[in-house]
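Asker: First the structure, then my questions, so here it is.
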Amino acid sequence: MKKIIFALFVATTLLSYAQTQLKSPAEFLGYEIGDQFTRHADVVNYFNHVADNSNMVTYHTYGKTNERRPLTYAIVSSEDNIRNIESIRLDNLKNIGVVDGSANPQKAIVWLSYNVHGNEASSTEAAMQTIYELITKKSDWLQNTVVIIDPCINPDGRDRYANWYNQVKATPYNIDQSATEHNEPWPGGRPNHYLFDLNRDWAWATQVESAQRLKIYNTWMPHVHVDFHEQGINEPYYFAPAAEPFHEIITPWQRDFQTQIGKNHARYFDAEGWLFFTRERFDLLYPSYGDTYPTFMGAIGMTYEQAGHGRAGLGIQTDEGYVLTLKDRALHHTTTGLSTVEISSKNAEKLNAEFKKFFNNDNLKYKSYVLNGSADNMEALINLLDKHDIKYGYTNAAKVSGFDFRANKQGSINANGALVVSTNQPKGKMVKVLFEPDAKLSDPLTYDITAWSVPHAYGLEAIATTSLIPANGNKKSNTINNTSNPSGAGYISKWNSLDDAAFMADLLKNDIKVRFSEKDFSNGSQNFKKGSLIITKSDNRTIKNYDKIVIEIANKHKRKLHTAPSSFATSGVDFGSPDVKLINNQRIAVLKGNYTSSLSYGEIWYFFEQQLKFPITSIDTDYFKRTDLDKYDVLIMPNGYYNGYLDKGALEKLTKWIRNGGKVIALANAVNAFSGKDGFDLKTNKPDEEEKDSIGNLIPYDQRERTSVKDFITGSIFKTKVDTSHPMAFGYSDSYFSLKLGSSSYKFLQDGYNIAYIKNPTSVSGFAGEDALKSLNNSLVFGEARLGSGSVIYMVDNPLFRSFWENGKLFFVNAIFFVNNNKFRI
């Protein structure tokens with residue numbers, strides 16, 4: 001008995017000692033929250049300190065950023081819950097069928113995500129204050145609630161902002177909006193290392209932060225998720241409920257509890273005299289946000305927006321004449337974070353019951369999505385499904401009928417060995433959202449794109465069926481084990497995916513000369529399409545171990561090589577034909593900086609470094625006009641606004657370089673820099689305008705925004721016609737589904753090549769206003785205009801947008817390596 005009493009005494013003493021060692025953020029950091037922007041390393045140190053000195057917190061690392069900063073999360077709950085945390089986690093997953101077994105969980109699980117946008121930096125400050133107050137002042141709520149805190153989703157972006165601000169701020173801080181400290185330089189702290197907006201990456205998980213976070217998120221599946229943000233300095237605070245449109249799968253309970261949470265926040269804000277607004281913006285439609293993705297995974301997903309953003313610094317005078325401080329901003333976020341935990345704790349039982357109901361998918365119209373197509377594109381889709389723990393299988397059915405995505409009507413496909421993704425699984429509603437042919441819109445005024453259908457994004461044949469398709473078949477074997485044949489004339493490889501392009505890029509980096517065919521041909525008993533890669537012994541006779549190198553690279557990339565016994569074709573072109581061209585080891589420059597979109601530049605940067613793995617040289621607009629372009633073969637112009645940058649002298653310099661053999665690839669709005677300019681064969685496409693009534697615009701003030709949607713295209717999918725004979729289209733069929741982000745439209749090229757185009761526009765998926773549709777009649781999507789010996793390639797629709805439109809990326813590669821490849825550079 002004495003031993004038991006002594007053990008209890010020791011445990012109590014140690015607990016008391018640990019709690020007395022726990023410091024507030026101010027005590028630990030040496031300044032009050034809001035007095036400075038805290039470096040990410042110090043945030044991590046504080047969370048480690050809390051975990052080391054409290055039995056109510058565990059702190060974990062779930063990955064690293066591109067710049068090697070840790071990605072972390074804390075689990076906060078009562079001591080008893082922390083001791084049983086694995087059982088609590090598993091019971092939640094059992095409740096919704098993700099894990100086998102039965103359970104009746106009673107604990108609410110709340111996930112708080114901070115600082116997804118690096119320069120919306122007040123929320124990470126609030127995260128430190130929130131965890132401290134939870135365990136020191138609000139521990140009663142933690143008896144039936146588990147709180148997961150990710151203090152900084154985007155450490156690279158946050159440190160970019162905080163370090164810049166700490167370098168330039170005045171002491172004391174200057175509240176004048178024109179002061180340097182309120183005007184960030186390009187690219188700003190909002191995005192991550194590769195300049196991606198991580199708040200648009202939840203569903204696509206292209207970035208390391210997102211992919212690593214989802215591994216943890218899907219092992220917890222929280223009931224409530226909050227994404228903390230900041231908005232303009234003159235907009236006080238936004239919280240739930242969200243705005244329309246709500247996606248149709250969102251349940252009445254999810255809508256109602258958002259309102260309950262909003263009212264709970266309002267109680268605290270009203271008591272302090274803090275202004276706020278709700279329901280006016282930030283809808284719940286596009287699935288890749290920090291509020292929508294959790295919502296479509298059954299949670300109450302919400303965005304909270306505090307006034308401030310990257311302009312506010314430590315303090316700024318707003319247009320209304322008051323000073324907005326970092327202290328205010330952090331306090332407001334701390335208040336809503338605590339309020340969220342409070343109301344979740346009060347409704348823990350209801351949250352668990354309604355969460356379970358969400359995962360019943362019996363009422364979904366489509367039961368299975370059956371997909372066929374390029375093995376590489378199928379594999380890319382499988383990788384996406386695996387990131388979300390979405391189940392799939394394969395069918396042995398000879399034919400499956402249902403809604404045909406490509407035909408946009410009822411049809412059928414050959415389904416033997418096809419991939420099947422069905423909705424009779426816990427995450428069936430997310431399957432519906434990602435795969436649905438066309439999302440229902442209750443309101444066309446949305447915050448983001450309105451179409452993203454995965455079959456179109458991955459370029460796959462797809463059928464949606466109203467009956468469940470059995471998926472017990474086996475995946476088609478894709479084992480590749482090439483062997484060398486030194487006696488042959490060379491090797492041939494197909495060309496229809498980004499994996500083929502990465503293989504080619506690797507060969508070029510290893511000084512292996514590669515050709516491509518501009519015509520179909522046969523060699524031996526096999527047929528090959530335009531664009532097929534040909535690696536000849538003749539071209540590489542000076543390369544030691546040429547066969548060994550080629551085989552190793554092919555096996556590494558899992559590319560099947562056909563060994564050509566002779567360069568003499570069975571039919572079509574021989575290896576020495578003028579239509580079998582050497583591929584330049586291109587010297588590629590990419591424009592960045594002011595006038596360019598940082599997001600678009602980041603998409604290009606990421607594509608080359610992480611997907612194609614091919615070197616580029618980034619050139620800043622600050623010194624581009626002084627750059628010797630003769631060192632480069634290709635110049636890529638990201639989406640941007642260049643009319644104020646490309647003055648007469650710069651355009652003349654660029655034109656001369658193109659005429660001498662240079663190649664410009666202009667993406668999205670960069671295309672407009674050449675519209676109407678002499679020699680560039682590009683003109684804006686404007687529909688015939690009716691004469692406007694001379695009395696002017698009589699649309700009432702409060703109806704202008706809604707009337708304006710007639711001119712909008714908000715991320716819609718259009719079917720385009722493709723000239724498959726052009727090298728830029730090698731690897732594609734005669735139709736391509738393009739994601740159109742706006743209503744910009746250009747006429748068909750008169751002398752150039754119209755590679756992908758729209759004649760009679762019909763939106764396959766997503767919203768397009770009636771006037772915007774008219775402007776797309778006979779409009780260019782991708783085109784090439786020759787200028788002297790060089791080319792300008794117009795990509796009106798950006799295939800690299802957010803890096804998720806996988807099926808468009810080969811157009812971009814073709815533009816770089818295949819188009820106008822008439823002179824090989826030694």
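Just so we're on the same page: first chain in the structure tokens is A, next is B, and so on; residues restart at 1 for each chain, and ligands are numbered from 1 in the order they show up.
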Where does DSSP see strand (DSSP E or B) in range 653-804 of chain A, if you list the residues as number ranges by chain?
Answerer: A: 663-667, 684, 713, 716-722, 735-740, 746-747, 753-758, 763-765, 768, 779-787, 790-795
Asker: Could you pull out all residues of range 523-620 of chain A with a DSSP call of alpha helix (DSSP H) and give them as a PyMOL selection string?
Answerer: chain A and resi 546-556+598-606
Asker: Output C-alpha atoms for every residue in that selection, as a JSON list (two decimals), in the first residue's frame.
Answerer:
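Below you can see again-v9.json, which holds the result:
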[["chain", "number", "residue", "atom", "x", "y", "z"],
["A", 546, "TYR", "CA", 25.76, 3.20, -75.61],
["A", 547, "ASP", "CA", 23.56, 0.08, -75.50],
["A", 548, "LYS", "CA", 24.07, -0.37, -71.77],
["A", 549, "ILE", "CA", 23.18, 3.26, -71.03],
["A", 550, "VAL", "CA", 20.02, 3.19, -73.15],
["A", 551, "ILE", "CA", 18.81, -0.07, -71.63],
["A", 552, "GLU", "CA", 19.44, 1.10, -68.06],
["A", 553, "ILE", "CA", 17.57, 4.36, -68.64],
["A", 554, "ALA", "CA", 14.68, 2.56, -70.35],
["A", 555, "ASN", "CA", 14.36, 0.05, -67.50],
["A", 556, "LYS", "CA", 14.56, 2.87, -64.94],
["A", 598, "SER", "CA", 4.25, 33.75, -59.87],
["A", 599, "LEU", "CA", 1.84, 30.79, -59.86],
["A", 600, "SER", "CA", 2.35, 30.15, -63.59],
["A", 601, "TYR", "CA", 6.11, 30.48, -63.30],
["A", 602, "GLY", "CA", 6.00, 28.06, -60.36],
["A", 603, "GLU", "CA", 4.02, 25.55, -62.40],
["A", 604, "ILE", "CA", 6.73, 25.63, -65.09],
["A", 605, "TRP", "CA", 9.56, 25.47, -62.57],
["A", 606, "TYR", "CA", 7.94, 22.51, -60.79]]
Asker: Which of these, A:Ile131, A:Ile480, A:Val420, A:Ala815, has the shortest distance to His557 in chain A once you count only C-alpha atoms?
Answerer: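 Under the stated criterion, the closest residue is A:Ile480.
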Asker: Give me, as a ChimeraX atom specification, all polymer residues having an atom no more than 12 Å from Leu351 in chain A, counting only C-alpha atoms and skipping those fewer than 4 positions away in the same chain.
Answerer: /A:92,95,104-110,144-145,222-224,253-254,256-258,298-300,343-347,355-358
Asker: Measuring atom to atom with only C-alpha atoms, identify which of A:Ile153, A:Leu810, A:Leu331, A:Ala670 is nearest to Tyr732 in chain A.
Answerer: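 Smallest distance to Tyr732 in chain A is found for A:Leu810.
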Asker: Show me, as a JSON list (two decimals) with all heavy atoms, in the first residue's frame, the residues that have an atom within 9 Å of Lys513 in chain A when counting only C-alpha atoms, minus same-chain residues fewer than 6 positions from it.
Answerer:
[["chain", "number", "residue", "atom", "x", "y", "z"],
["A", 507, "LEU", "N", 17.54, 10.56, -71.49],
["A", 507, "LEU", "CA", 18.49, 10.20, -72.54],
["A", 507, "LEU", "C", 19.30, 11.42, -72.97],
["A", 507, "LEU", "O", 20.53, 11.35, -73.08],
["A", 507, "LEU", "CB", 17.75, 9.63, -73.75],
["A", 507, "LEU", "CG", 17.10, 8.24, -73.59],
["A", 507, "LEU", "CD1", 16.21, 7.95, -74.79],
["A", 507, "LEU", "CD2", 18.16, 7.15, -73.42],
["A", 535, "ILE", "N", 16.32, 5.68, -81.32],
["A", 535, "ILE", "CA", 17.67, 5.86, -80.77],
["A", 535, "ILE", "C", 18.60, 4.97, -81.58],
["A", 535, "ILE", "O", 18.61, 3.74, -81.42],
["A", 535, "ILE", "CB", 17.70, 5.46, -79.28],
["A", 535, "ILE", "CG1", 16.53, 6.11, -78.53],
["A", 535, "ILE", "CG2", 19.02, 5.84, -78.64],
["A", 535, "ILE", "CD1", 16.00, 5.31, -77.38],
["A", 536, "THR", "N", 19.37, 5.58, -82.46],
["A", 536, "THR", "CA", 20.14, 4.78, -83.41],
["A", 536, "THR", "C", 21.58, 4.58, -82.96],
["A", 536, "THR", "O", 22.18, 5.43, -82.30],
["A", 536, "THR", "CB", 20.16, 5.44, -84.80],
["A", 536, "THR", "OG1", 21.00, 6.59, -84.77],
["A", 536, "THR", "CG2", 18.76, 5.82, -85.25],
["A", 539, "ASP", "N", 23.85, 7.34, -84.67],
["A", 539, "ASP", "CA", 23.96, 8.65, -84.02],
["A", 539, "ASP", "C", 24.84, 8.61, -82.78],
["A", 539, "ASP", "O", 25.41, 9.64, -82.39],
["A", 539, "ASP", "CB", 22.56, 9.15, -83.61],
["A", 539, "ASP", "CG", 21.71, 9.58, -84.79],
["A", 539, "ASP", "OD1", 22.28, 10.10, -85.76],
["A", 539, "ASP", "OD2", 20.48, 9.39, -84.73],
["A", 540, "ASN", "N", 24.93, 7.45, -82.14],
["A", 540, "ASN", "CA", 25.60, 7.36, -80.84],
["A", 540, "ASN", "C", 26.86, 6.49, -80.89],
["A", 540, "ASN", "O", 27.29, 5.96, -79.87],
["A", 540, "ASN", "CB", 24.61, 6.79, -79.81],
["A", 540, "ASN", "CG", 23.44, 7.73, -79.57],
["A", 540, "ASN", "OD1", 23.58, 8.73, -78.89],
["A", 540, "ASN", "ND2", 22.29, 7.39, -80.15],
["A", 582, "LEU", "N", 16.52, 14.61, -85.58],
["A", 582, "LEU", "CA", 17.22, 14.62, -84.30],
["A", 582, "LEU", "C", 16.57, 15.63, -83.36],
["A", 582, "LEU", "O", 16.15, 16.72, -83.78],
["A", 582, "LEU", "CB", 18.69, 14.99, -84.49],
["A", 582, "LEU", "CG", 19.64, 13.85, -84.86],
["A", 582, "LEU", "CD1", 20.99, 14.41, -85.30],
["A", 582, "LEU", "CD2", 19.83, 12.90, -83.67],
["A", 583, "ILE", "N", 16.52, 15.28, -82.09],
["A", 583, "ILE", "CA", 15.93, 16.15, -81.07],
["A", 583, "ILE", "C", 17.05, 16.96, -80.42],
["A", 583, "ILE", "O", 18.03, 16.39, -79.91],
["A", 583, "ILE", "CB", 15.18, 15.33, -80.00],
["A", 583, "ILE", "CG1", 14.04, 14.54, -80.64],
["A", 583, "ILE", "CG2", 14.65, 16.25, -78.89],
["A", 583, "ILE", "CD1", 13.37, 13.57, -79.70],
["A", 584, "ASN", "N", 16.91, 18.27, -80.45],
["A", 584, "ASN", "CA", 17.90, 19.13, -79.79],
["A", 584, "ASN", "C", 17.88, 18.93, -78.28],
["A", 584, "ASN", "O", 16.81, 18.79, -77.68],
["A", 584, "ASN", "CB", 17.61, 20.60, -80.08],
["A", 584, "ASN", "CG", 18.32, 21.09, -81.33],
["A", 584, "ASN", "OD1", 19.39, 20.60, -81.68],
["A", 584, "ASN", "ND2", 17.73, 22.06, -81.99],
["A", 585, "ASN", "N", 19.04, 18.96, -77.69],
["A", 585, "ASN", "CA", 19.15, 19.02, -76.23],
["A", 585, "ASN", "C", 18.91, 20.48, -75.84],
["A", 585, "ASN", "O", 19.83, 21.24, -75.58],
["A", 585, "ASN", "CB", 20.54, 18.55, -75.79],
["A", 585, "ASN", "CG", 20.61, 18.24, -74.33],
["A", 585, "ASN", "OD1", 19.73, 18.62, -73.56],
["A", 585, "ASN", "ND2", 21.66, 17.55, -73.91]]
Asker: Env of His182 in chain A: 10 Å cut, atoms = only C-alpha atoms, seq-sep filter 6 positions within chain, self excluded. Answer as a ChimeraX atom specification.
Answerer: /A:165,168-169,174-176,309-316
